[in-house]
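> Could you have a look at this structure, given as structure tokens, before my questions?
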Amino acid sequence: MDQLKDFLLEIYNLLYSEYGPQGWWPADNWFEVIVGAVLTQNTSWKNVEKAIQNLKLNNLLEPERLYKLSEQELAQFIRPAGFYNLKAKRLKNLIELLRKYDFDFKKTAAQIKREELLSVNGVGKETADSILLYAFDKPIFVVDNYTRRLLQRLEVVCGEADYEEIQSLFHGISSDLQCYKEYHALIVRHVKQICLKNKPKCGDCCIGMFCKYSILSTKN
DNA sequence: GGCCAGGTGTAAA
DNA sequence: TTTACACATGGC
């Protein structure tokens with residue numbers, strides 16, 4: 001297990017050396033992180049940016065403002081992010097939770113629990129953990145499909161590995177908040193970048209020496 | 001024109 | 001418990 005820890009730390013160092021700090025989450029404040037976390041569900045960040053911009057230009061990117069806005073109106077502002085009716089509902093659900101804490105950052109950060117976020121319809125594990133890590137600075141690692149794919153290619157986990165299993169691997173290597181924020185961002189950056197190449201091969205990237213299979217390969 | 005993107009919930013098998 | 005599908009826009 002200590003070996004695995006060292007291995008994951010080495011991967012982190014290689015990625016960090018290659019790409020440098022990623023500055024995640026790209027948002028001006030905690031509430032923008034939360035809105036972005038919902039809007040980015042199965043959606044490219046480019047489209048999320050347009051939706052966020054719409055809200056900003058209309059002075060709506062504040063919890064109280066969105067609380068007062070109707071679901072139908074909200075949906076129109078976030079259209080570019082896709083699934084806009086669904087996401088308007090999900091944002092409303094989340095804002096209803098935030099209202100319990102009087103839309104107050106400190107109060108929410110001090111009291112909010114993962115289970116509470118997960119109980120909100122439209123908030124799954126990845127969204128909940130993104131909010132906890134990037135909006136509220138909780139040392140909780142965010143697992144996404146990029147993470148799963150990368151660990152599969154590195155033969156650290158198999159395809160059936162569940163969310164918490166993968167998460168615990170990262171919780172085992174460090175409890176450092178910045179490391180969690182950076183590692184997740186670096187994984188996203190790396191896998192995206194590699195997949196953009198026409199024919200990525202093994203050994204083709206900064207961690208290639210550890211990959212038996214191409215990142216695009218479906219082989220486990 | 002087809003495929004995919006920083007997922008999640010629901011319903012049927 | 002697993003699988004299929006809906007949700008929708010915009011970039012390449």
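Starting from 1 in every chain, residues are counted up; chains themselves are A, B, ... following the order of the structure tokens, and ligands are numbered from 1 as listed.
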Neighbours of B:DA11 within 12 Å (only C-alpha atoms (C1' of nucleotides); same-chain residues fewer than 6 positions away dropped), as a VMD selection string?
chain C and resid 3 to 6
> Can I get the selected residues back with N, CA and C atoms (P, O5', C5', C4', C3', O3' and C1' of nucleotides), as a short mmCIF file (atom, residue, chain, number, x, y, z; two decimals), in the first residue's frame?

```
data_model
loop_
_atom_site.label_atom_id
_atom_site.label_comp_id
_atom_site.auth_asym_id
_atom_site.auth_seq_id
_atom_site.Cartn_x
_atom_site.Cartn_y
_atom_site.Cartn_z
P DT C 3 -24.88 -4.51 -16.55
"O5'" DT C 3 -26.16 -3.81 -17.21
"C5'" DT C 3 -27.23 -4.61 -17.66
"C4'" DT C 3 -28.20 -3.73 -18.41
"C3'" DT C 3 -27.56 -2.72 -19.36
"O3'" DT C 3 -28.19 -2.81 -20.62
"C1'" DT C 3 -29.04 -1.62 -17.88
P DA C 4 -27.89 -1.89 -21.83
"O5'" DA C 4 -29.15 -0.91 -21.77
"C5'" DA C 4 -30.46 -1.44 -21.63
"C4'" DA C 4 -31.46 -0.32 -21.87
"C3'" DA C 4 -31.01 0.68 -22.92
"O3'" DA C 4 -32.15 1.09 -23.66
"C1'" DA C 4 -31.21 1.78 -20.83
P DC C 5 -32.01 2.11 -24.90
"O5'" DC C 5 -32.52 3.45 -24.22
"C5'" DC C 5 -33.70 3.41 -23.42
"C4'" DC C 5 -33.87 4.73 -22.71
"C3'" DC C 5 -33.48 5.94 -23.57
"O3'" DC C 5 -34.55 6.85 -23.55
"C1'" DC C 5 -32.51 6.09 -21.44
P DA C 6 -34.59 8.02 -24.69
"O5'" DA C 6 -34.98 9.29 -23.82
"C5'" DA C 6 -35.93 9.15 -22.75
"C4'" DA C 6 -35.74 10.31 -21.80
"C3'" DA C 6 -35.44 11.64 -22.48
"O3'" DA C 6 -36.25 12.64 -21.91
"C1'" DA C 6 -33.72 11.13 -20.91
#
```
> Per residue of chain A within 9 Å of chain B, note the shortest atom pair and the distance in Å to one decimal, counting only C-alpha atoms (C1' of nucleotides), and order the rows by chain and increasing residue number, as a tab-separated table.

```
residue	atom	partner	partner_atom	distance
A:Ala37	CA	B:DG6	C1'	8.3
A:Val38	CA	B:DG7	C1'	8.8
A:Thr40	CA	B:DG6	C1'	6.2
A:Gln41	CA	B:DG7	C1'	4.6
A:Asn42	CA	B:DG7	C1'	5.2
A:Thr43	CA	B:DA5	C1'	4.4
A:Ser44	CA	B:DA5	C1'	4.1
A:Trp45	CA	B:DG6	C1'	6.9
A:Asn121	CA	B:DG9	C1'	7.8
A:Gly122	CA	B:DT8	C1'	5.8
A:Val123	CA	B:DT8	C1'	7.1
A:Gly124	CA	B:DT8	C1'	6.2
A:Glu126	CA	B:DG7	C1'	7.7
A:Thr127	CA	B:DG7	C1'	7.9
A:Asp144	CA	B:DG6	C1'	7.7
A:Asn145	CA	B:DG6	C1'	8.9
A:Tyr146	CA	B:DG6	C1'	8.6
A:Ala185	CA	B:DG6	C1'	8.9
A:Val188	CA	B:DG6	C1'	7.1
```
> Would you write out, as a Markdown table, a table of all residues in chain A that have an atom no more than 12 Å from an atom of chain C, listing for each the closest atom pair and the distance in Å to one decimal, considering only C-alpha atoms (C1' of nucleotides) and ordering rows by chain and rising residue number?

```
| residue | atom | partner | partner_atom | distance |
| --- | --- | --- | --- | --- |
| A:Leu39 | CA | C:DT9 | C1' | 11.6 |
| A:Thr40 | CA | C:DT9 | C1' | 11.9 |
| A:Gln41 | CA | C:DC7 | C1' | 10.7 |
| A:Asn42 | CA | C:DC7 | C1' | 10.1 |
| A:Thr43 | CA | C:DT9 | C1' | 8.7 |
| A:Ser44 | CA | C:DG10 | C1' | 8.8 |
| A:Trp45 | CA | C:DG10 | C1' | 10.7 |
| A:Lys46 | CA | C:DG10 | C1' | 8.5 |
| A:Asn47 | CA | C:DG10 | C1' | 6.8 |
| A:Val48 | CA | C:DT9 | C1' | 9.9 |
| A:Glu49 | CA | C:DG10 | C1' | 11.7 |
| A:Lys50 | CA | C:DG10 | C1' | 10.2 |
| A:Ala51 | CA | C:DT9 | C1' | 10.5 |
| A:Ala75 | CA | C:DA8 | C1' | 11.8 |
| A:Ile78 | CA | C:DT9 | C1' | 10.0 |
| A:Arg79 | CA | C:DT9 | C1' | 7.0 |
| A:Pro80 | CA | C:DT9 | C1' | 5.3 |
| A:Ala81 | CA | C:DT9 | C1' | 6.0 |
| A:Gly82 | CA | C:DT9 | C1' | 4.4 |
| A:Phe83 | CA | C:DA8 | C1' | 4.8 |
| A:Tyr84 | CA | C:DA8 | C1' | 7.2 |
| A:Asn85 | CA | C:DC7 | C1' | 8.2 |
| A:Leu86 | CA | C:DC7 | C1' | 6.6 |
| A:Lys87 | CA | C:DC7 | C1' | 9.0 |
| A:Ala88 | CA | C:DC7 | C1' | 11.7 |
| A:Lys89 | CA | C:DC7 | C1' | 11.8 |
| A:Gly122 | CA | C:DC7 | C1' | 11.7 |
| A:Leu196 | CA | C:DC12 | C1' | 10.6 |
```
> Taking the DSSP secondary structure from the backbone, can you list the residues of stretch 59-125 of chain A that are alpha helix (DSSP H), as a ChimeraX atom specification?
/A:63-68,71-77,84-99,105-111,114-118,125
> Go ahead and write the selection's residues with C-alpha atoms as a JSON list (two decimals), in the first residue's frame.

```
[["chain", "number", "residue", "atom", "x", "y", "z"],
["A", 63, "PRO", "CA", -27.89, 33.02, -4.08],
["A", 64, "GLU", "CA", -30.61, 35.48, -3.06],
["A", 65, "ARG", "CA", -31.16, 36.59, -6.65],
["A", 66, "LEU", "CA", -31.41, 33.07, -7.99],
["A", 67, "TYR", "CA", -33.69, 32.13, -5.14],
["A", 68, "LYS", "CA", -36.15, 34.79, -6.21],
["A", 71, "GLU", "CA", -37.22, 28.07, -12.41],
["A", 72, "GLN", "CA", -38.45, 28.86, -15.92],
["A", 73, "GLU", "CA", -36.61, 32.16, -16.04],
["A", 74, "LEU", "CA", -33.43, 30.58, -14.68],
["A", 75, "ALA", "CA", -33.63, 27.90, -17.36],
["A", 76, "GLN", "CA", -33.51, 30.51, -20.11],
["A", 77, "PHE", "CA", -30.36, 32.13, -18.74],
["A", 84, "TYR", "CA", -31.27, 23.61, -19.04],
["A", 85, "ASN", "CA", -34.69, 22.67, -17.68],
["A", 86, "LEU", "CA", -33.17, 19.87, -15.66],
["A", 87, "LYS", "CA", -30.29, 21.98, -14.40],
["A", 88, "ALA", "CA", -32.57, 24.86, -13.45],
["A", 89, "LYS", "CA", -34.47, 22.44, -11.26],
["A", 90, "ARG", "CA", -31.26, 21.07, -9.77],
["A", 91, "LEU", "CA", -29.90, 24.53, -9.03],
["A", 92, "LYS", "CA", -33.16, 25.43, -7.36],
["A", 93, "ASN", "CA", -32.93, 22.31, -5.21],
["A", 94, "LEU", "CA", -29.41, 23.23, -4.14],
["A", 95, "ILE", "CA", -30.31, 26.82, -3.41],
["A", 96, "GLU", "CA", -33.13, 25.59, -1.22],
["A", 97, "LEU", "CA", -30.49, 23.78, 0.83],
["A", 98, "LEU", "CA", -28.28, 26.87, 1.00],
["A", 99, "ARG", "CA", -31.22, 28.89, 2.27],
["A", 105, "PHE", "CA", -20.70, 31.09, 3.42],
["A", 106, "LYS", "CA", -19.19, 30.70, 6.86],
["A", 107, "LYS", "CA", -22.28, 29.10, 8.30],
["A", 108, "THR", "CA", -22.57, 26.70, 5.39],
["A", 109, "ALA", "CA", -18.88, 25.82, 5.31],
["A", 110, "ALA", "CA", -18.94, 25.09, 9.02],
["A", 111, "GLN", "CA", -21.99, 22.84, 8.99],
["A", 114, "ARG", "CA", -21.59, 15.34, 2.24],
["A", 115, "GLU", "CA", -24.76, 13.34, 2.94],
["A", 116, "GLU", "CA", -26.74, 16.52, 3.00],
["A", 117, "LEU", "CA", -25.53, 17.49, -0.45],
["A", 118, "LEU", "CA", -26.11, 13.97, -1.74],
["A", 125, "LYS", "CA", -21.07, 12.12, -5.68]]
```
> Mind checking which residues fall within 8 Å of A:Ile52, counting only C-alpha atoms (C1' of nucleotides), ignoring those fewer than 5 positions away in the same chain, and posting them as a PyMOL selection string?
chain A and resi 32+35-36+61+78
> Could the residues in this selection be saved with N, CA and C atoms as a compact mmCIF listing (two decimals), in the first residue's frame?

```
# COMPACT_ATOMS: atom_id res chain seq x y z
N GLU A 32 -20.33 30.72 -7.20
CA GLU A 32 -20.07 30.45 -8.62
C GLU A 32 -19.54 29.03 -8.82
N VAL A 35 -22.69 26.77 -8.70
CA VAL A 35 -23.46 26.86 -9.93
C VAL A 35 -22.74 26.13 -11.06
N GLY A 36 -21.43 26.37 -11.16
CA GLY A 36 -20.64 25.71 -12.20
C GLY A 36 -20.64 24.20 -12.05
N LEU A 61 -25.81 36.19 -10.40
CA LEU A 61 -24.98 35.14 -9.82
C LEU A 61 -24.79 35.33 -8.32
N ILE A 78 -29.56 29.86 -18.52
CA ILE A 78 -28.50 28.84 -18.55
C ILE A 78 -28.60 27.91 -19.77
```
> Quick one: residues within 8 Å of A:Ile173, only C-alpha atoms (C1' of nucleotides) counted, chain neighbours fewer than 4 positions away excluded, as an NGL selection string?
:A and (5-6 or 8-9 or 169)
> Keeping N, CA and C atoms for every residue in the selection just given, could you write it to a file as a JSON list (two decimals), in the first residue's frame?

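Done, and the output landed in out.json:
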```json
[["chain", "number", "residue", "atom", "x", "y", "z"],
["A", 5, "LYS", "N", 0.99, 4.37, -2.69],
["A", 5, "LYS", "CA", 1.03, 5.77, -2.28],
["A", 5, "LYS", "C", 2.15, 6.52, -3.00],
["A", 6, "ASP", "N", 3.33, 5.92, -2.98],
["A", 6, "ASP", "CA", 4.47, 6.55, -3.65],
["A", 6, "ASP", "C", 4.23, 6.68, -5.15],
["A", 8, "LEU", "N", 1.30, 6.96, -6.75],
["A", 8, "LEU", "CA", 0.35, 8.04, -7.04],
["A", 8, "LEU", "C", 0.97, 9.41, -6.82],
["A", 9, "LEU", "N", 1.86, 9.50, -5.84],
["A", 9, "LEU", "CA", 2.55, 10.76, -5.62],
["A", 9, "LEU", "C", 3.51, 11.07, -6.77],
["A", 169, "LEU", "N", -8.10, 5.81, -2.32],
["A", 169, "LEU", "CA", -6.70, 5.72, -2.76],
["A", 169, "LEU", "C", -6.02, 7.08, -2.64]]
```
